>>> print(open('work35.txt').read())   # compact mmCIF, C-alpha atoms
# COMPACT_ATOMS: atom_id res chain seq x y z
CA MET A 1 -103.65 -21.97 196.71
CA CYS A 2 -107.12 -23.30 195.97
CA LEU A 3 -107.83 -27.01 195.54
CA ASP A 4 -111.23 -28.00 194.17
CA MET A 5 -113.22 -30.91 195.56
CA GLN A 6 -113.22 -32.79 192.24
CA THR A 7 -109.42 -32.91 192.19
CA LEU A 8 -109.26 -34.08 195.80
CA ARG A 9 -111.80 -36.79 195.04
CA LEU A 10 -109.86 -37.83 191.93
CA PHE A 11 -106.58 -38.10 193.82
CA ALA A 12 -108.25 -40.11 196.61
CA ASP A 13 -109.52 -42.59 193.99
CA VAL A 14 -106.14 -42.79 192.21
CA ALA A 15 -104.47 -43.47 195.56
CA ARG A 16 -107.02 -46.10 196.52
CA CYS A 17 -106.98 -47.88 193.13
CA HIS A 18 -103.25 -47.34 192.49
CA SER A 19 -104.29 -46.71 188.90
CA PHE A 20 -104.91 -43.66 186.69
CA SER A 21 -107.07 -45.65 184.29
CA GLN A 22 -109.45 -47.02 186.93
CA ALA A 23 -109.84 -43.65 188.63
CA ALA A 24 -110.33 -41.93 185.28
CA GLU A 25 -113.10 -44.36 184.36
CA MET A 26 -114.83 -43.70 187.68
CA HIS A 27 -114.76 -39.95 186.96
CA GLY A 28 -115.75 -40.21 183.29
CA ILE A 29 -112.53 -38.67 181.97
CA SER A 30 -109.58 -39.95 179.94
CA GLN A 31 -106.51 -41.45 181.56
CA SER A 32 -104.45 -38.62 180.11
CA ALA A 33 -106.73 -36.00 181.67
CA ALA A 34 -106.55 -37.72 185.06
CA SER A 35 -102.74 -37.84 184.88
CA GLN A 36 -102.54 -34.16 183.91
CA ARG A 37 -104.82 -33.07 186.77
CA ILE A 38 -102.77 -34.99 189.34
CA GLY A 39 -99.58 -33.53 187.84
CA GLN A 40 -101.01 -30.03 188.24
CA LEU A 41 -101.96 -30.88 191.83
CA GLU A 42 -98.39 -31.97 192.58
CA LYS A 43 -97.10 -28.75 191.04
CA LYS A 44 -99.40 -26.66 193.23
CA LEU A 45 -98.33 -28.51 196.36
CA GLY A 46 -94.66 -28.54 195.39
CA VAL A 47 -94.28 -32.25 196.21
CA THR A 48 -94.40 -35.59 194.43
CA LEU A 49 -97.44 -37.59 195.54
CA LEU A 50 -97.16 -40.65 193.32
CA ASP A 51 -94.32 -43.02 192.60
CA ARG A 52 -94.72 -43.58 188.87
CA SER A 53 -91.66 -45.83 188.62
CA VAL A 54 -93.51 -48.88 189.97
CA ARG A 55 -96.56 -50.84 188.84
CA PRO A 56 -99.11 -50.54 190.18
CA LEU A 57 -98.66 -46.89 191.09
CA GLY A 58 -97.18 -46.29 194.51
CA LEU A 59 -97.58 -43.47 197.00
CA THR A 60 -94.75 -41.38 198.35
CA THR A 61 -94.69 -40.44 202.03
CA ALA A 62 -96.31 -37.13 201.12
CA GLY A 63 -98.80 -38.99 198.94
CA ARG A 64 -99.92 -41.28 201.77
CA LEU A 65 -100.38 -38.31 204.09
CA PHE A 66 -102.29 -36.35 201.47
CA ALA A 67 -104.47 -39.34 200.56
CA GLU A 68 -105.54 -39.73 204.21
CA GLY A 69 -106.36 -36.03 204.36
CA CYS A 70 -108.31 -36.20 201.11
CA GLU A 71 -110.47 -39.05 202.40
CA GLU A 72 -111.24 -37.06 205.54
CA VAL A 73 -112.05 -33.84 203.67
CA VAL A 74 -114.18 -35.62 201.06
CA GLY A 75 -115.95 -37.61 203.78
CA ARG A 76 -116.76 -34.47 205.76
CA TYR A 77 -117.97 -32.70 202.62
CA ASP A 78 -120.20 -35.61 201.59
CA HIS A 79 -121.61 -35.89 205.10
CA LEU A 80 -122.35 -32.16 205.24
CA ALA A 81 -123.86 -32.18 201.74
CA SER A 82 -126.05 -35.14 202.70
CA LYS A 83 -127.27 -33.41 205.85
CA VAL A 84 -128.08 -30.19 204.02
CA ALA A 85 -129.80 -32.00 201.15
CA GLY A 86 -131.77 -34.05 203.66
CA LEU A 87 -133.20 -31.12 205.59
CA GLY A 88 -136.95 -31.55 205.67
CA LYS A 89 -136.72 -34.95 203.95
CA GLN A 90 -137.11 -38.44 205.33
CA PRO A 91 -134.08 -40.73 204.82
CA GLN A 92 -134.52 -43.33 202.14
CA GLY A 93 -132.70 -46.23 200.57
CA VAL A 94 -131.61 -49.78 201.35
CA VAL A 95 -129.81 -50.74 204.56
CA ARG A 96 -127.73 -53.91 204.31
CA VAL A 97 -127.15 -55.78 207.56
CA MET A 98 -125.09 -58.93 208.08
CA ALA A 99 -125.45 -60.78 211.39
CA ILE A 100 -124.18 -63.95 213.04
CA TYR A 101 -126.74 -66.76 213.12
CA SER A 102 -127.23 -66.56 216.89
CA ALA A 103 -127.95 -62.82 216.86
CA GLY A 104 -131.61 -63.81 216.76
CA ILE A 105 -133.60 -64.10 213.55
CA ASP A 106 -136.84 -63.56 215.48
CA LEU A 107 -135.51 -60.47 217.25
CA LEU A 108 -134.06 -58.86 214.14
CA CYS A 109 -137.12 -59.66 212.03
CA ARG A 110 -139.34 -58.04 214.65
CA VAL A 111 -137.14 -54.94 214.83
CA ARG A 112 -137.01 -54.71 211.04
CA GLN A 113 -140.79 -54.93 210.72
CA GLN A 114 -141.31 -52.23 213.32
CA PHE A 115 -138.67 -50.02 211.74
CA GLN A 116 -140.03 -50.35 208.19
CA ALA A 117 -143.54 -49.61 209.44
CA GLU A 118 -142.25 -46.26 210.67
CA HIS A 119 -139.85 -45.63 207.77
CA GLU A 120 -141.69 -46.51 204.59
CA ASN A 121 -138.89 -45.23 202.34
CA ILE A 122 -136.22 -47.48 203.84
CA SER A 123 -135.79 -51.19 203.13
CA VAL A 124 -133.68 -53.33 205.45
CA GLU A 125 -131.96 -56.46 204.11
CA ILE A 126 -130.53 -58.93 206.66
CA ARG A 127 -128.16 -61.82 205.88
CA TYR A 128 -126.72 -64.34 208.33
CA GLU A 129 -123.12 -65.59 208.22
CA ARG A 130 -120.26 -66.74 210.43
CA PRO A 131 -118.43 -64.06 212.47
CA GLU A 132 -115.37 -63.90 210.22
CA GLN A 133 -117.59 -63.48 207.15
CA VAL A 134 -119.52 -60.67 208.86
CA TYR A 135 -116.26 -58.90 209.67
CA HIS A 136 -114.98 -59.35 206.09
CA ALA A 137 -118.23 -57.99 204.63
CA VAL A 138 -118.06 -54.90 206.84
CA CYS A 139 -114.42 -54.25 205.90
CA GLU A 140 -115.11 -54.70 202.20
CA LYS A 141 -118.22 -52.48 202.30
CA GLU A 142 -120.46 -55.38 201.29
CA CYS A 143 -122.88 -54.28 204.00
CA ASP A 144 -123.61 -51.16 206.04
CA MET A 145 -123.14 -52.86 209.40
CA GLY A 146 -122.64 -56.20 211.07
CA ILE A 147 -124.03 -57.70 214.27
CA VAL A 148 -121.67 -59.98 216.18
CA SER A 149 -121.05 -61.30 219.67
CA TYR A 150 -118.03 -60.16 221.68
CA PRO A 151 -117.36 -57.20 219.37
CA GLU A 152 -113.75 -56.08 219.48
CA ARG A 153 -111.81 -53.17 218.07
CA TRP A 154 -110.55 -54.89 214.97
CA ARG A 155 -108.53 -53.25 212.24
CA LYS A 156 -110.73 -50.97 210.09
CA VAL A 157 -113.74 -51.61 212.36
CA ASP A 158 -115.42 -49.83 215.27
CA SER A 159 -118.35 -51.10 217.33
CA ILE A 160 -121.44 -49.92 219.18
CA PRO A 161 -122.60 -51.95 222.22
CA LEU A 162 -126.05 -53.40 221.63
CA ARG A 163 -126.99 -55.69 224.51
CA ASP A 164 -125.65 -58.17 227.05
CA GLU A 165 -127.33 -61.58 226.91
CA GLU A 166 -127.47 -63.95 229.85
CA MET A 167 -126.04 -67.41 229.20
CA VAL A 168 -127.94 -70.35 230.71
CA VAL A 169 -127.62 -74.11 231.04
CA VAL A 170 -129.82 -75.86 228.47
CA CYS A 171 -130.88 -79.52 228.35
CA ASN A 172 -133.80 -81.75 227.41
CA THR A 173 -136.85 -81.64 229.67
CA HIS A 174 -136.20 -85.09 231.20
CA HIS A 175 -132.68 -84.30 232.36
CA LYS A 176 -132.22 -84.07 236.13
CA VAL A 177 -130.78 -80.57 235.73
CA ALA A 178 -134.07 -79.41 234.20
CA GLN A 179 -135.75 -79.64 237.62
CA MET A 180 -133.20 -77.41 239.37
CA GLN A 181 -133.86 -73.82 240.39
CA SER A 182 -130.30 -72.85 239.48
CA ILE A 183 -126.96 -74.56 239.05
CA SER A 184 -123.43 -73.51 239.89
CA VAL A 185 -120.63 -73.95 237.39
CA ASN A 186 -118.96 -76.42 239.78
CA GLU A 187 -122.00 -78.72 239.60
CA LEU A 188 -121.53 -78.98 235.83
CA GLU A 189 -118.23 -80.83 236.16
CA GLY A 190 -118.56 -84.42 234.98
CA ASN A 191 -121.57 -83.76 232.76
CA GLU A 192 -121.25 -84.22 229.02
CA ILE A 193 -121.19 -80.79 227.38
CA VAL A 194 -121.95 -79.93 223.78
CA THR A 195 -120.58 -76.53 222.88
CA PHE A 196 -119.35 -74.20 220.14
CA ASP A 197 -116.23 -74.60 218.05
CA THR A 198 -113.24 -72.60 219.33
CA ASP A 199 -113.21 -70.78 215.97
CA LEU A 200 -116.20 -68.84 217.32
CA PRO A 201 -115.72 -66.15 220.02
CA VAL A 202 -118.53 -67.61 222.13
CA GLY A 203 -116.82 -71.02 222.10
CA ARG A 204 -113.58 -69.54 223.38
CA ARG A 205 -115.30 -67.46 226.07
CA ILE A 206 -117.25 -70.45 227.42
CA ARG A 207 -114.03 -72.41 227.82
CA GLU A 208 -112.41 -69.43 229.55
CA TYR A 209 -115.38 -69.21 231.92
CA PHE A 210 -114.99 -72.83 233.03
CA LYS A 211 -111.21 -72.52 233.30
CA ASN A 212 -111.42 -69.35 235.40
CA ASN A 213 -113.82 -71.13 237.77
CA GLY A 214 -111.56 -74.15 238.11
CA VAL A 215 -113.96 -76.54 236.37
CA LYS A 216 -112.74 -79.12 233.87
CA LEU A 217 -114.98 -79.43 230.85
CA ARG A 218 -116.09 -82.82 229.58
CA ILE A 219 -116.83 -81.88 225.99
CA SER A 220 -118.62 -84.57 224.02
CA ASN A 221 -119.50 -82.70 220.83
CA VAL A 222 -118.50 -79.44 219.15
CA PHE A 223 -120.59 -77.60 216.54
CA ASP A 224 -120.36 -74.29 214.72
CA ASN A 225 -124.02 -73.26 214.91
CA ILE A 226 -126.65 -72.99 217.59
CA ASP A 227 -129.44 -74.88 215.81
CA THR A 228 -127.32 -78.03 215.59
CA ILE A 229 -126.53 -77.76 219.30
CA LYS A 230 -130.20 -77.42 220.20
CA GLY A 231 -131.06 -80.42 218.04
CA ALA A 232 -128.43 -82.51 219.82
CA LEU A 233 -129.70 -81.46 223.26
CA ALA A 234 -133.27 -82.50 222.46
CA VAL A 235 -132.31 -86.15 221.82
CA THR A 236 -129.36 -86.71 224.20
CA GLU A 237 -128.46 -86.31 227.87
CA GLN A 238 -125.90 -83.61 227.10
CA LEU A 239 -125.89 -80.08 228.48
CA SER A 240 -124.91 -76.83 226.82
CA ILE A 241 -124.35 -73.17 227.69
CA LEU A 242 -126.40 -70.98 225.36
CA PRO A 243 -127.76 -67.42 225.24
CA ARG A 244 -131.10 -67.41 227.07
CA ARG A 245 -132.95 -65.59 224.33
CA THR A 246 -131.98 -68.13 221.67
CA VAL A 247 -133.84 -71.02 223.37
CA ILE A 248 -137.02 -69.25 224.48
CA ARG A 249 -139.07 -70.71 221.63
CA GLU A 250 -138.00 -74.29 222.43
CA VAL A 251 -138.55 -73.80 226.17
CA THR A 252 -142.04 -72.42 225.59
CA ALA A 253 -142.83 -75.29 223.22
CA GLY A 254 -141.62 -77.84 225.78
CA SER A 255 -138.75 -79.37 223.81
CA LEU A 256 -135.94 -77.91 225.95
CA ALA A 257 -135.41 -76.54 229.45
CA MET A 258 -133.10 -73.82 230.66
CA VAL A 259 -131.68 -73.22 234.12
CA LYS A 260 -129.97 -70.17 235.59
CA MET A 261 -126.21 -70.55 236.00
CA THR A 262 -123.97 -69.05 238.70
CA PRO A 263 -121.74 -67.15 238.59
CA GLN A 264 -123.45 -65.29 235.77
CA LEU A 265 -121.96 -65.39 232.29
CA LEU A 266 -122.97 -62.71 229.78
CA ARG A 267 -122.55 -62.62 226.02
CA PRO A 268 -122.25 -59.07 224.65
CA LEU A 269 -123.71 -58.28 221.24
CA GLY A 270 -122.67 -55.25 219.25
CA VAL A 271 -122.94 -53.51 215.91
CA ILE A 272 -119.68 -53.29 213.95
CA PHE A 273 -119.07 -50.86 211.13
CA ARG A 274 -116.20 -49.76 208.93
CA ARG A 275 -114.15 -47.10 210.65
CA LYS A 276 -114.33 -43.61 209.19
CA SER A 277 -112.22 -40.53 209.71
CA ARG A 278 -112.68 -38.65 212.95
CA ASN A 279 -115.11 -36.15 211.46
CA GLY A 280 -116.62 -38.36 208.78
CA SER A 281 -119.93 -40.20 208.87
CA ALA A 282 -119.91 -43.94 209.44
CA PHE A 283 -123.43 -44.44 208.11
CA SER A 284 -125.74 -43.16 205.42
CA PRO A 285 -128.83 -41.33 206.77
CA ALA A 286 -130.92 -44.48 206.25
CA ALA A 287 -128.38 -46.72 207.99
CA GLN A 288 -128.01 -44.24 210.85
CA ALA A 289 -131.77 -44.26 211.34
CA PHE A 290 -131.77 -48.06 211.58
CA VAL A 291 -128.82 -48.16 213.98
CA ASP A 292 -130.58 -45.71 216.29
CA PHE A 293 -133.80 -47.73 216.11
CA LEU A 294 -131.97 -51.01 216.69
CA ALA A 295 -130.16 -49.65 219.74
CA ALA A 296 -133.43 -48.41 221.22
CA HIS A 297 -135.46 -51.58 220.59
CA ALA A 298 -132.98 -54.44 220.92
CA ARG A 299 -130.96 -53.42 223.96
CA SER A 300 -133.19 -54.88 226.67
CA GLU A 301 -134.03 -58.53 227.32
CA ASP A 302 -136.98 -57.69 229.55
CA HIS A 303 -139.55 -58.75 226.96
CA ASP A 304 -137.70 -61.66 225.42
CA GLY A 305 -139.63 -64.30 227.31
CA PRO A 306 -139.46 -66.19 230.60
CA THR A 307 -136.50 -65.93 232.94
CA PRO A 308 -134.51 -69.08 233.77
CA ARG A 309 -136.12 -70.96 236.64
CA GLN A 310 -137.06 -74.58 237.17
CA GLY A 311 -137.45 -76.49 233.94
CA HIS A 312 -140.99 -77.72 234.67
CA THR A 313 -142.11 -74.20 235.60
CA LEU A 314 -140.85 -72.86 232.30
CA LEU A 315 -142.63 -75.57 230.39
CA GLY A 316 -145.89 -74.61 232.01
CA ALA A 317 -145.44 -70.96 231.18
CA GLY A 318 -146.75 -71.65 227.72
CA LYS A 319 -129.05 -66.48 219.60
>>> encode(input="work35.txt", output="structure tokens")
Amino acid sequence: MCLDMQTLRLFADVARCHSFSQAAEMHGISQSAASQRIGQLEKKLGVTLLDRSVRPLGLTTAGRLFAEGCEEVVGRYDHLASKVAGLGKQPQGVVRVMAIYSAGIDLLCRVRQQFQAEHENISVEIRYERPEQVYHAVCEKECDMGIVSYPERWRKVDSIPLRDEEMVVVCNTHHKVAQMQSISVNELEGNEIVTFDTDLPVGRRIREYFKNNGVKLRISNVFDNIDTIKGALAVTEQLSILPRRTVIREVTAGSLAMVKMTPQLLRPLGVIFRRKSRNGSAFSPAAQAFVDFLAAHARSEDHDGPTPRQGHTLLGAGK
């Protein structure tokens, strides 16, 4: 029994759309032709794949199993065809990236500029959204990849570790904490803290960190973005726990100070992408090239600026 790739691709689309008409339109054939080809496929296999008694079309148990297999076979074929067609050619196209706001606009812009200088045929587009919107966009194929903190193995999504960012205590330059070499989490008790909303993973992890160290938080304000927090710190006596890299510009400019915190708290960043079949390709050649470049150039914090020390020392050094 021989099954051609076009028929497998057609059935995969019918199963995904639950519609003969939509799949037929995608393949440039009539609805009748699509129905006949799937009927012939069922005859060859000797099983019923579609439940035609319901609207929209349903899948039988055999149909669900066959649809999963079709997606894997078609994915492997497309990946192989892309690799063969790309032999001796440079990848090209547009790579769409969606990142959380605190992933670092400066960092990602720098990486994108370096990457595009080396890959003239690839354009990288970066948008910034909240974590749940990044996850939704990845699941719905609205982007090639997402960059989030505390990446987890969500449904339909896998992740690649990118970097671990040190979290530090941040305050205005006149605060008494700004003059300290380092500060323990216990010394933060009683201070007014401005932090992230618990809707954000980083907000939940900061609260867990204090709870695990037996320190009661005195939260005075809660925000959903890092720029608002930094603005509040500059004009109040509040403290916050933020990723070190995200406040380097303000520390260098002299508007904020950062101090090392013990025990250390790290915020992991990772790339999330829509899960593919075991042997399929998660990325296009262009997207794969950018992922590899991103992992190689954004993993280390060694060149992200000064390390947390005394606030006045940082000021003189001139997400």
>>> residues_around(input="work35.txt", residues="A:Ala234", least_positions_apart="2", cutoff="9 Å", atoms="all atoms listed in the file", output="VMD selection string")
chain A and resid 171 to 173 229 to 232 236 to 238 255 to 256
>>> closest_residue(input="work35.txt", among="A:Ile248, A:Ala12, A:Val95, A:Leu50", to="A:Ala24", atoms="only C-alpha atoms")
A:Ala12
>>> atom_distance(input="work35.txt", atom1="atom CA of A:Leu10", atom2="atom CA of A:Phe273")
25.0 Å
>>> closest_residue(input="work35.txt", among="A:Lys176, A:Arg275, A:Arg52, A:His119", to="A:Val259", atoms="all atoms listed in the file")
A:Lys176
>>> residues_around(input="work35.txt", residues="stretch 204-216 of chain A", least_positions_apart="3", cutoff="8 Å", atoms="only C-alpha atoms", output="JSON, numbers by chain")
{"A": [185, 186, 188, 189, 190, 197, 198, 199, 200, 201, 241, 265]}
>>> closest_residue(input="work35.txt", among="A:Asp4, A:Glu140, A:Asp78, A:Asp227", to="A:Val247", atoms="all atoms listed in the file")
A:Asp227
>>> closest_residue(input="work35.txt", among="A:Arg9, A:Val291, A:Ser53, A:Gly146", to="A:Gly75", atoms="only C-alpha atoms")
A:Arg9
>>> closest_residue(input="work35.txt", among="A:Gly28, A:Gly203, A:Pro161, A:Gly46", to="A:Pro268", atoms="all atoms listed in the file")
A:Pro161
>>> atom_distance(input="work35.txt", atom1="atom CA of A:Arg163", atom2="atom CA of A:Leu266")
9.7 Å
>>> closest_residue(input="work35.txt", among="A:His174, A:Arg112, A:Arg249, A:Arg274", to="A:Ser159", atoms="all atoms listed in the file")
A:Arg274
>>> atom_distance(input="work35.txt", atom1="atom CA of A:Thr262", atom2="atom CA of A:Leu239")
15.2 Å
>>> decode(input="work35.txt", residues="stretch 95-119 of chain A", atoms="N, CA and C atoms", output="PDB file, in the first residue's frame")
ATOM      1  N   VAL A  95      12.510  36.329  11.044  1.00  0.00           N
ATOM      2  CA  VAL A  95      12.381  35.624  12.318  1.00  0.00           C
ATOM      3  C   VAL A  95      11.579  36.508  13.260  1.00  0.00           C
ATOM      4  N   ARG A  96      10.474  35.987  13.765  1.00  0.00           N
ATOM      5  CA  ARG A  96       9.600  36.756  14.651  1.00  0.00           C
ATOM      6  C   ARG A  96       9.820  36.305  16.096  1.00  0.00           C
ATOM      7  N   VAL A  97      10.217  37.253  16.931  1.00  0.00           N
ATOM      8  CA  VAL A  97      10.510  36.970  18.330  1.00  0.00           C
ATOM      9  C   VAL A  97       9.577  37.796  19.208  1.00  0.00           C
ATOM     10  N   MET A  98       9.016  37.174  20.244  1.00  0.00           N
ATOM     11  CA  MET A  98       8.231  37.908  21.223  1.00  0.00           C
ATOM     12  C   MET A  98       8.861  37.689  22.591  1.00  0.00           C
ATOM     13  N   ALA A  99       9.116  38.764  23.322  1.00  0.00           N
ATOM     14  CA  ALA A  99       9.828  38.675  24.593  1.00  0.00           C
ATOM     15  C   ALA A  99       9.093  39.454  25.675  1.00  0.00           C
ATOM     16  N   ILE A 100       9.312  39.054  26.931  1.00  0.00           N
ATOM     17  CA  ILE A 100       8.795  39.834  28.047  1.00  0.00           C
ATOM     18  C   ILE A 100       9.577  41.146  28.108  1.00  0.00           C
ATOM     19  N   TYR A 101       8.970  42.163  28.707  1.00  0.00           N
ATOM     20  CA  TYR A 101       9.583  43.481  28.735  1.00  0.00           C
ATOM     21  C   TYR A 101      10.939  43.473  29.429  1.00  0.00           C
ATOM     22  N   SER A 102      11.072  42.678  30.490  1.00  0.00           N
ATOM     23  CA  SER A 102      12.317  42.694  31.257  1.00  0.00           C
ATOM     24  C   SER A 102      13.382  41.768  30.696  1.00  0.00           C
ATOM     25  N   ALA A 103      13.152  41.207  29.503  1.00  0.00           N
ATOM     26  CA  ALA A 103      14.185  40.364  28.892  1.00  0.00           C
ATOM     27  C   ALA A 103      15.382  41.202  28.473  1.00  0.00           C
ATOM     28  N   GLY A 104      15.188  42.495  28.347  1.00  0.00           N
ATOM     29  CA  GLY A 104      16.304  43.387  28.036  1.00  0.00           C
ATOM     30  C   GLY A 104      16.280  43.895  26.610  1.00  0.00           C
ATOM     31  N   ILE A 105      15.658  45.056  26.421  1.00  0.00           N
ATOM     32  CA  ILE A 105      15.602  45.641  25.080  1.00  0.00           C
ATOM     33  C   ILE A 105      17.010  45.930  24.567  1.00  0.00           C
ATOM     34  N   ASP A 106      17.876  46.451  25.453  1.00  0.00           N
ATOM     35  CA  ASP A 106      19.244  46.758  25.039  1.00  0.00           C
ATOM     36  C   ASP A 106      19.995  45.504  24.633  1.00  0.00           C
ATOM     37  N   LEU A 107      19.875  44.447  25.422  1.00  0.00           N
ATOM     38  CA  LEU A 107      20.559  43.195  25.122  1.00  0.00           C
ATOM     39  C   LEU A 107      20.079  42.602  23.806  1.00  0.00           C
ATOM     40  N   LEU A 108      18.764  42.495  23.637  1.00  0.00           N
ATOM     41  CA  LEU A 108      18.228  41.878  22.432  1.00  0.00           C
ATOM     42  C   LEU A 108      18.493  42.712  21.190  1.00  0.00           C
ATOM     43  N   CYS A 109      18.449  44.028  21.334  1.00  0.00           N
ATOM     44  CA  CYS A 109      18.764  44.898  20.187  1.00  0.00           C
ATOM     45  C   CYS A 109      20.215  44.712  19.756  1.00  0.00           C
ATOM     46  N   ARG A 110      21.100  44.598  20.747  1.00  0.00           N
ATOM     47  CA  ARG A 110      22.514  44.407  20.430  1.00  0.00           C
ATOM     48  C   ARG A 110      22.750  43.061  19.734  1.00  0.00           C
ATOM     49  N   VAL A 111      22.116  42.016  20.251  1.00  0.00           N
ATOM     50  CA  VAL A 111      22.248  40.698  19.645  1.00  0.00           C
ATOM     51  C   VAL A 111      21.672  40.702  18.236  1.00  0.00           C
ATOM     52  N   ARG A 112      20.514  41.343  18.062  1.00  0.00           N
ATOM     53  CA  ARG A 112      19.900  41.399  16.734  1.00  0.00           C
ATOM     54  C   ARG A 112      20.798  42.126  15.736  1.00  0.00           C
ATOM     55  N   GLN A 113      21.376  43.242  16.138  1.00  0.00           N
ATOM     56  CA  GLN A 113      22.257  43.988  15.237  1.00  0.00           C
ATOM     57  C   GLN A 113      23.470  43.162  14.828  1.00  0.00           C
ATOM     58  N   GLN A 114      24.064  42.476  15.797  1.00  0.00           N
ATOM     59  CA  GLN A 114      25.223  41.641  15.488  1.00  0.00           C
ATOM     60  C   GLN A 114      24.841  40.493  14.567  1.00  0.00           C
ATOM     61  N   PHE A 115      23.687  39.889  14.845  1.00  0.00           N
ATOM     62  CA  PHE A 115      23.236  38.760  14.041  1.00  0.00           C
ATOM     63  C   PHE A 115      22.951  39.180  12.604  1.00  0.00           C
ATOM     64  N   GLN A 116      22.223  40.295  12.428  1.00  0.00           N
ATOM     65  CA  GLN A 116      21.870  40.738  11.080  1.00  0.00           C
ATOM     66  C   GLN A 116      23.081  41.217  10.303  1.00  0.00           C
ATOM     67  N   ALA A 117      24.120  41.670  11.003  1.00  0.00           N
ATOM     68  CA  ALA A 117      25.353  42.052  10.321  1.00  0.00           C
ATOM     69  C   ALA A 117      26.034  40.832   9.707  1.00  0.00           C
ATOM     70  N   GLU A 118      25.841  39.676  10.340  1.00  0.00           N
ATOM     71  CA  GLU A 118      26.455  38.444   9.847  1.00  0.00           C
ATOM     72  C   GLU A 118      25.516  37.640   8.952  1.00  0.00           C
ATOM     73  N   HIS A 119      24.228  37.949   8.994  1.00  0.00           N
ATOM     74  CA  HIS A 119      23.231  37.224   8.204  1.00  0.00           C
ATOM     75  C   HIS A 119      22.371  38.248   7.467  1.00  0.00           C
TER      76      HIS A 119
END
